Amino acid sequence: MSTKQRIAPRDDVALMEGYHSPQVDVAVRLNTNESPVPPPAAFKAALAAELDDLTWHRYPDRAALDLRTAIGELHGVGPEQVFAANGSNEVLQTLCLTFGGHGRSVAVFEPTYALHSHIARITGTGVIEGERTDAFALDLDEVDRVLASGPEITFLCSPNNPTGLVEPREVVEAVVDRAPGLVVVDEAYGQFAPWSALELVDEDTPLVVTRTYSKTWSMAAARLGYLVGPRWVVDALEKVVLPYHLDAVTQAAGRVALRFTDEMEARVAELVEERGRLSAALGDLDVDVWPSGANFVLFRPRSADGAAVWQQLVDRSVLVRNCASWPRLEGCLRVTIGTRDEDDAFLGALEEVLS
Ligand SMILES: *Cc1c(COP(=O)(O)O)cnc(C)c1O
């Protein structure tokens, strides 16, 4: 038997909780904000044809130039303003590795996407936590207080996960004006919202906007995300990310998907309409509901315990996200907009549980 000691993880890693999102086997899964429907059959056929010609024995295009060019065309910028990676989480990680690290810090305004602070900590970057108002809005006095600590990166998320709230343009502009470093606006749900911070990106503004294929493009399985920002940011990130990190299949999938932009926009429009129906139906129940600019809705049972409601929904084979024990979100649950049938199953189960 070996007498060798097990090496311990880094102290700060040993203290971490890791990222948890239970994958429970249920009939109706409305917990991770994926698209309820797959991409079009024509996309799958077109991708299969491309994969037939794939040069499997060679490394992929390291710069992913065709993919970045196609993404750039979608947003009216050149490939030099696009950085693509394995999910927007890898984009966020590369940002932290490049501009964060030991002795540096990021600012987040809670409650927000848990991975912003989690990824920062994993990369050894300090986290400065700001608070939102009771209505989950940003308050500029609080922004000033937090930014006075001099974070190298300031994270915003619009629409914000898990609240669904869209940051107004004036607020994003004010944060960009005040931030001492780079501002990252996470727009994983950007296409569901009435405006995009992509409008504010230019060479002289220290702002990047991240997007993902995981939600609106119905491609969570592919792991592809990107940012649009100034070239100097993209150049710095390219030095840090692993060579050939983005495999040829993912690059092809991302390129081919963009030929089906109209179909994506049609799915988004349908989900936005369905969001209106679901929010209105929730409004008739004994729950508080927050207005959402995303493909999910945050709500809180008024006279029942949130965690108990979550379990009773699981018992009825409906899975939503349980935020009930998260700081600042006591008793809250978050439901992803599904198909009409899935949403009806959720609403029926919730009505039953609350009665
Ligand atoms: C879902 C989500 C992402 C997506 O991450 P991927 O790695 O691209 O799947 C990023 N940011 C937010 C706020 C999200 O909710």
# chains A, B, ... in the order shown; residues from 1 in each chain; ligands from 1
>>> residues_near_ligand(ligand="ligand 1", cutoff="6 Å", atoms="only C-alpha atoms and all ligand atoms", output="compact mmCIF listing (two decimals) with N, CA and C atoms, in the first residue's frame")
# COMPACT_ATOMS: atom_id res chain seq x y z
N GLY A 87 -18.30 27.93 -24.35
CA GLY A 87 -19.32 28.49 -23.48
C GLY A 87 -18.90 29.87 -23.02
N SER A 88 -19.88 30.70 -22.68
CA SER A 88 -19.47 32.03 -22.20
C SER A 88 -18.77 31.90 -20.85
N ASN A 89 -18.97 30.76 -20.17
CA ASN A 89 -18.20 30.57 -18.93
C ASN A 89 -16.70 30.55 -19.18
N TYR A 113 -25.52 36.37 -11.31
CA TYR A 113 -25.07 35.06 -11.77
C TYR A 113 -23.92 34.57 -10.89
N ASN A 161 -29.46 37.30 -14.30
CA ASN A 161 -29.85 35.97 -13.81
C ASN A 161 -29.50 35.96 -12.32
N ASP A 186 -22.70 40.64 -19.17
CA ASP A 186 -23.07 39.27 -19.53
C ASP A 186 -24.48 39.30 -20.10
N ALA A 188 -26.15 36.73 -21.68
CA ALA A 188 -26.54 35.36 -22.05
C ALA A 188 -27.98 35.33 -22.56
N THR A 212 -23.94 33.81 -25.58
CA THR A 212 -23.76 32.37 -25.58
C THR A 212 -24.70 31.71 -26.59
N SER A 214 -25.90 28.87 -25.73
CA SER A 214 -26.58 27.89 -24.87
C SER A 214 -28.08 28.12 -24.74
N ALA A 220 -27.20 24.36 -25.99
CA ALA A 220 -26.48 24.21 -24.72
C ALA A 220 -25.51 23.02 -24.77
N ARG A 223 -21.55 23.90 -26.09
CA ARG A 223 -20.56 24.67 -25.35
C ARG A 223 -19.86 25.71 -26.23
N LEU A 224 -20.55 26.78 -26.52
CA LEU A 224 -19.96 27.85 -27.32
C LEU A 224 -20.49 29.20 -26.85
N GLY A 225 -19.55 30.10 -26.59
CA GLY A 225 -19.92 31.46 -26.23
C GLY A 225 -18.87 32.41 -26.78
>>> residues_around(residues="Glu203 in chain A", least_positions_apart="3", cutoff="12 Å", atoms="only C-alpha atoms", output="list in words")
Val77, Gly78, Glu80, Gln81, Leu200, Pro206, Leu207, Val208, Val228, Gly229, Pro230, Arg231, Trp232, Val233 and Val234 of chain A
>>> residues_around(residues="Leu246 in chain A", least_positions_apart="5", cutoff="10 Å", atoms="only C-alpha atoms", output="MDAnalysis selection string")
chainID A and resid 59:64 84:87 223:224 241 251
>>> write_last_selection(atoms="C-alpha atoms", output="mmCIF file, in the first residue's frame")
data_model
loop_
_atom_site.group_PDB
_atom_site.id
_atom_site.type_symbol
_atom_site.label_atom_id
_atom_site.label_comp_id
_atom_site.auth_asym_id
_atom_site.auth_seq_id
_atom_site.Cartn_x
_atom_site.Cartn_y
_atom_site.Cartn_z
ATOM 1 C CA TYR A 59 -5.633 20.587 -35.315
ATOM 2 C CA PRO A 60 -8.540 22.989 -35.781
ATOM 3 C CA ASP A 61 -8.056 26.583 -36.920
ATOM 4 C CA ARG A 62 -6.501 27.997 -33.796
ATOM 5 C CA ALA A 63 -7.873 31.485 -34.389
ATOM 6 C CA ALA A 64 -11.364 30.165 -35.283
ATOM 7 C CA ALA A 84 -14.951 32.792 -28.886
ATOM 8 C CA ALA A 85 -14.597 29.992 -26.345
ATOM 9 C CA ASN A 86 -16.213 26.871 -24.874
ATOM 10 C CA GLY A 87 -19.324 28.487 -23.483
ATOM 11 C CA ARG A 223 -20.559 24.673 -25.353
ATOM 12 C CA LEU A 224 -19.962 27.851 -27.317
ATOM 13 C CA VAL A 241 -6.433 30.886 -23.617
ATOM 14 C CA GLN A 251 -16.452 25.910 -34.605
#
>>> closest_atom_pairs(of="range 10-89 of chain A", to="range 119-138 of chain A", cutoff="9 Å", atoms="only C-alpha atoms", output="JSON lines")
{"residue": "A:Asp12", "atom": "CA", "partner": "A:Arg121", "partner_atom": "CA", "distance": 7.8}
{"residue": "A:Val13", "atom": "CA", "partner": "A:Ile122", "partner_atom": "CA", "distance": 6.7}
{"residue": "A:Met16", "atom": "CA", "partner": "A:Ile122", "partner_atom": "CA", "distance": 8.6}
{"residue": "A:Asn89", "atom": "CA", "partner": "A:Ile119", "partner_atom": "CA", "distance": 8.1}
>>> write_last_selection(atoms="all heavy atoms", output="PDB file, in the first residue's frame")
ATOM      1  N   ASP A  12      -7.593  28.225  -1.018  1.00  0.00           N
ATOM      2  CA  ASP A  12      -8.821  28.928  -1.391  1.00  0.00           C
ATOM      3  C   ASP A  12      -9.768  28.003  -2.164  1.00  0.00           C
ATOM      4  O   ASP A  12     -10.986  28.123  -2.086  1.00  0.00           O
ATOM      5  CB  ASP A  12      -8.533  30.221  -2.174  1.00  0.00           C
ATOM      6  CG  ASP A  12      -7.596  30.011  -3.345  1.00  0.00           C
ATOM      7  OD1 ASP A  12      -6.910  28.967  -3.391  1.00  0.00           O
ATOM      8  OD2 ASP A  12      -7.551  30.889  -4.221  1.00  0.00           O
ATOM      9  N   VAL A  13      -9.220  27.028  -2.893  1.00  0.00           N
ATOM     10  CA  VAL A  13     -10.062  26.073  -3.620  1.00  0.00           C
ATOM     11  C   VAL A  13     -10.712  25.085  -2.641  1.00  0.00           C
ATOM     12  O   VAL A  13     -11.885  24.739  -2.759  1.00  0.00           O
ATOM     13  CB  VAL A  13      -9.238  25.320  -4.683  1.00  0.00           C
ATOM     14  CG1 VAL A  13     -10.033  24.160  -5.277  1.00  0.00           C
ATOM     15  CG2 VAL A  13      -8.796  26.278  -5.785  1.00  0.00           C
ATOM     16  N   MET A  16     -13.962  26.098  -1.289  1.00  0.00           N
ATOM     17  CA  MET A  16     -15.070  26.385  -2.207  1.00  0.00           C
ATOM     18  C   MET A  16     -16.144  25.326  -2.186  1.00  0.00           C
ATOM     19  O   MET A  16     -15.902  24.162  -1.939  1.00  0.00           O
ATOM     20  CB  MET A  16     -14.529  26.491  -3.632  1.00  0.00           C
ATOM     21  CG  MET A  16     -13.864  27.806  -3.869  1.00  0.00           C
ATOM     22  SD  MET A  16     -13.214  27.852  -5.519  1.00  0.00           S
ATOM     23  CE  MET A  16     -12.351  29.397  -5.400  1.00  0.00           C
ATOM     24  N   ASN A  89     -18.965  30.760 -20.168  1.00  0.00           N
ATOM     25  CA  ASN A  89     -18.200  30.574 -18.930  1.00  0.00           C
ATOM     26  C   ASN A  89     -16.696  30.547 -19.179  1.00  0.00           C
ATOM     27  O   ASN A  89     -15.919  31.069 -18.381  1.00  0.00           O
ATOM     28  CB  ASN A  89     -18.630  29.292 -18.218  1.00  0.00           C
ATOM     29  CG  ASN A  89     -19.972  29.454 -17.530  1.00  0.00           C
ATOM     30  OD1 ASN A  89     -20.322  30.546 -17.086  1.00  0.00           O
ATOM     31  ND2 ASN A  89     -20.741  28.397 -17.449  1.00  0.00           N
TER      32      ASN A  89
END
>>> closest_atom_pairs(of="range 245-302 of chain A", to="range 319-331 of chain A", cutoff="10 Å", atoms="only C-alpha atoms", output="tab-separated table")
residue	atom	partner	partner_atom	distance
A:Phe296	CA	A:Val320	CA	10.0
A:Leu298	CA	A:Cys323	CA	9.1
A:Phe299	CA	A:Gly331	CA	8.7
A:Arg300	CA	A:Gly331	CA	5.9
A:Pro301	CA	A:Gly331	CA	7.1
A:Arg302	CA	A:Gly331	CA	8.8
>>> select_by_dssp(residues="range 8-135 of chain A", states="strand (DSSP E or B)", output="PyMOL selection string")
chain A and resi 28-30+82-85+105-110+126-131
>>> write_last_selection(atoms="N, CA and C atoms", output="mmCIF file, in the first residue's frame")
data_model
loop_
_atom_site.group_PDB
_atom_site.id
_atom_site.type_symbol
_atom_site.label_atom_id
_atom_site.label_comp_id
_atom_site.auth_asym_id
_atom_site.auth_seq_id
_atom_site.Cartn_x
_atom_site.Cartn_y
_atom_site.Cartn_z
ATOM 1 N N VAL A 28 -40.930 17.491 -16.600
ATOM 2 C CA VAL A 28 -40.916 18.891 -17.040
ATOM 3 C C VAL A 28 -39.713 19.601 -16.416
ATOM 4 N N ARG A 29 -38.704 19.884 -17.248
ATOM 5 C CA ARG A 29 -37.459 20.482 -16.739
ATOM 6 C C ARG A 29 -37.393 21.956 -17.082
ATOM 7 N N LEU A 30 -37.636 22.780 -16.074
ATOM 8 C CA LEU A 30 -37.653 24.231 -16.288
ATOM 9 C C LEU A 30 -36.680 24.887 -15.313
ATOM 10 N N VAL A 82 -13.922 39.922 -31.860
ATOM 11 C CA VAL A 82 -14.687 38.780 -31.342
ATOM 12 C C VAL A 82 -13.732 37.760 -30.725
ATOM 13 N N PHE A 83 -14.040 37.330 -29.515
ATOM 14 C CA PHE A 83 -13.297 36.236 -28.882
ATOM 15 C C PHE A 83 -14.308 35.133 -28.596
ATOM 16 N N ALA A 84 -14.018 33.910 -29.073
ATOM 17 C CA ALA A 84 -14.951 32.792 -28.886
ATOM 18 C C ALA A 84 -14.308 31.727 -28.013
ATOM 19 N N ALA A 85 -15.128 31.017 -27.245
ATOM 20 C CA ALA A 85 -14.597 29.992 -26.345
ATOM 21 C C ALA A 85 -15.675 28.962 -26.031
ATOM 22 N N SER A 105 -8.929 42.317 -8.409
ATOM 23 C CA SER A 105 -10.282 42.017 -7.955
ATOM 24 C C SER A 105 -11.330 42.286 -9.031
ATOM 25 N N VAL A 106 -12.478 41.654 -8.843
ATOM 26 C CA VAL A 106 -13.656 41.929 -9.669
ATOM 27 C C VAL A 106 -14.745 42.477 -8.759
ATOM 28 N N ALA A 107 -15.659 43.251 -9.340
ATOM 29 C CA ALA A 107 -16.841 43.716 -8.612
ATOM 30 C C ALA A 107 -18.079 43.021 -9.158
ATOM 31 N N VAL A 108 -18.939 42.571 -8.255
ATOM 32 C CA VAL A 108 -20.241 42.010 -8.652
ATOM 33 C C VAL A 108 -21.309 42.682 -7.795
ATOM 34 N N PHE A 109 -22.523 42.725 -8.320
ATOM 35 C CA PHE A 109 -23.639 43.308 -7.570
ATOM 36 C C PHE A 109 -24.676 42.213 -7.359
ATOM 37 N N GLU A 110 -24.800 41.798 -6.104
ATOM 38 C CA GLU A 110 -25.647 40.644 -5.773
ATOM 39 C C GLU A 110 -27.096 41.083 -5.510
ATOM 40 N N GLY A 126 -9.732 38.439 -6.295
ATOM 41 C CA GLY A 126 -10.585 38.860 -5.184
ATOM 42 C C GLY A 126 -11.956 39.273 -5.689
ATOM 43 N N VAL A 127 -12.962 39.196 -4.826
ATOM 44 C CA VAL A 127 -14.328 39.562 -5.211
ATOM 45 C C VAL A 127 -14.835 40.659 -4.274
ATOM 46 N N ILE A 128 -15.231 41.779 -4.845
ATOM 47 C CA ILE A 128 -15.859 42.850 -4.065
ATOM 48 C C ILE A 128 -17.354 42.765 -4.330
ATOM 49 N N GLU A 129 -18.128 42.561 -3.267
ATOM 50 C CA GLU A 129 -19.566 42.384 -3.434
ATOM 51 C C GLU A 129 -20.305 43.671 -3.180
ATOM 52 N N GLY A 130 -21.058 44.114 -4.175
ATOM 53 C CA GLY A 130 -21.969 45.229 -3.984
ATOM 54 C C GLY A 130 -23.375 44.702 -3.806
ATOM 55 N N GLU A 131 -24.228 45.550 -3.253
ATOM 56 C CA GLU A 131 -25.623 45.151 -3.041
ATOM 57 C C GLU A 131 -26.509 45.848 -4.064
#
>>> closest_residue(among="A:Asp177, A:Val143, A:Thr210, A:Ala345", to="Cys157 in chain A", atoms="only C-alpha atoms")
A:Thr210
>>> closest_atom_pairs(of="range 202-320 of chain A", to="range 32-37 of chain A", cutoff="12 Å", atoms="only C-alpha atoms", output="tab-separated table")
residue	atom	partner	partner_atom	distance
A:Thr212	CA	A:Glu34	CA	11.2
A:Tyr213	CA	A:Glu34	CA	9.9
A:Ser214	CA	A:Glu34	CA	6.6
A:Lys215	CA	A:Glu34	CA	5.0
A:Thr216	CA	A:Ser35	CA	6.5
A:Trp217	CA	A:Ser35	CA	7.7
A:Ser218	CA	A:Ser35	CA	5.1
A:Met219	CA	A:Ser35	CA	8.0
A:Ala220	CA	A:Glu34	CA	6.7
A:Ala221	CA	A:Glu34	CA	9.8
A:Glu263	CA	A:Val37	CA	11.6
A:Met264	CA	A:Ser35	CA	10.3
A:Ala266	CA	A:Val37	CA	12.0
A:Arg267	CA	A:Val37	CA	8.5
A:Val268	CA	A:Ser35	CA	9.1
A:Glu270	CA	A:Pro36	CA	11.2
A:Leu271	CA	A:Ser35	CA	8.9
A:Val272	CA	A:Ser35	CA	12.0
A:Glu274	CA	A:Pro36	CA	11.7
A:Ala294	CA	A:Asn33	CA	9.0
A:Asn295	CA	A:Asn33	CA	6.5
A:Phe296	CA	A:Asn33	CA	6.5
A:Val297	CA	A:Asn33	CA	9.9
A:Leu298	CA	A:Asn33	CA	11.8
A:Leu319	CA	A:Thr32	CA	9.5
A:Val320	CA	A:Thr32	CA	8.0
>>> closest_residue(among="A:Gln191, A:Thr339, A:Thr94, A:Gln312", to="Asp235 in chain A", atoms="only C-alpha atoms")
A:Thr94
>>> residues_around(residues="Ser279 in chain A", least_positions_apart="2", cutoff="10 Å", atoms="only C-alpha atoms", output="list in words")
Glu274, Arg275, Gly276, Arg277, Ala281, Leu282, Gly283, Asp284, Val289, Trp290, Pro291, Ser292, Phe296, Val297, Leu298, Phe299 and Ile337 of chain A
>>> select_by_dssp(residues="range 166-270 of chain A", states="helix (DSSP H, G or I)", output="PyMOL selection string")
chain A and resi 169-178+190-192+197-200+231-240+248-270
>>> residues_around(residues="Gly348 in chain A", least_positions_apart="6", cutoff="10 Å", atoms="only C-alpha atoms", output="list in words")
Leu313, Arg316 and Glu342 of chain A
>>> write_last_selection(atoms="C-alpha atoms", output="PDB file, in the first residue's frame")
ATOM      1  CA  LEU A 313     -43.334  20.619  -7.623  1.00  0.00           C
ATOM      2  CA  ARG A 316     -45.389  16.424  -9.418  1.00  0.00           C
ATOM      3  CA  GLU A 342     -44.662  22.444 -20.153  1.00  0.00           C
TER       4      GLU A 342
END
>>> residues_around(residues="Ala179 in chain A", least_positions_apart="2", cutoff="9 Å", atoms="only C-alpha atoms", output="ChimeraX atom specification")
/A:143-144,147-148,150-154,174-177,181-183,206
>>> atom_distance(atom1="CA of Glu273 in chain A", atom2="CA of Leu198 in chain A")
23.7 Å
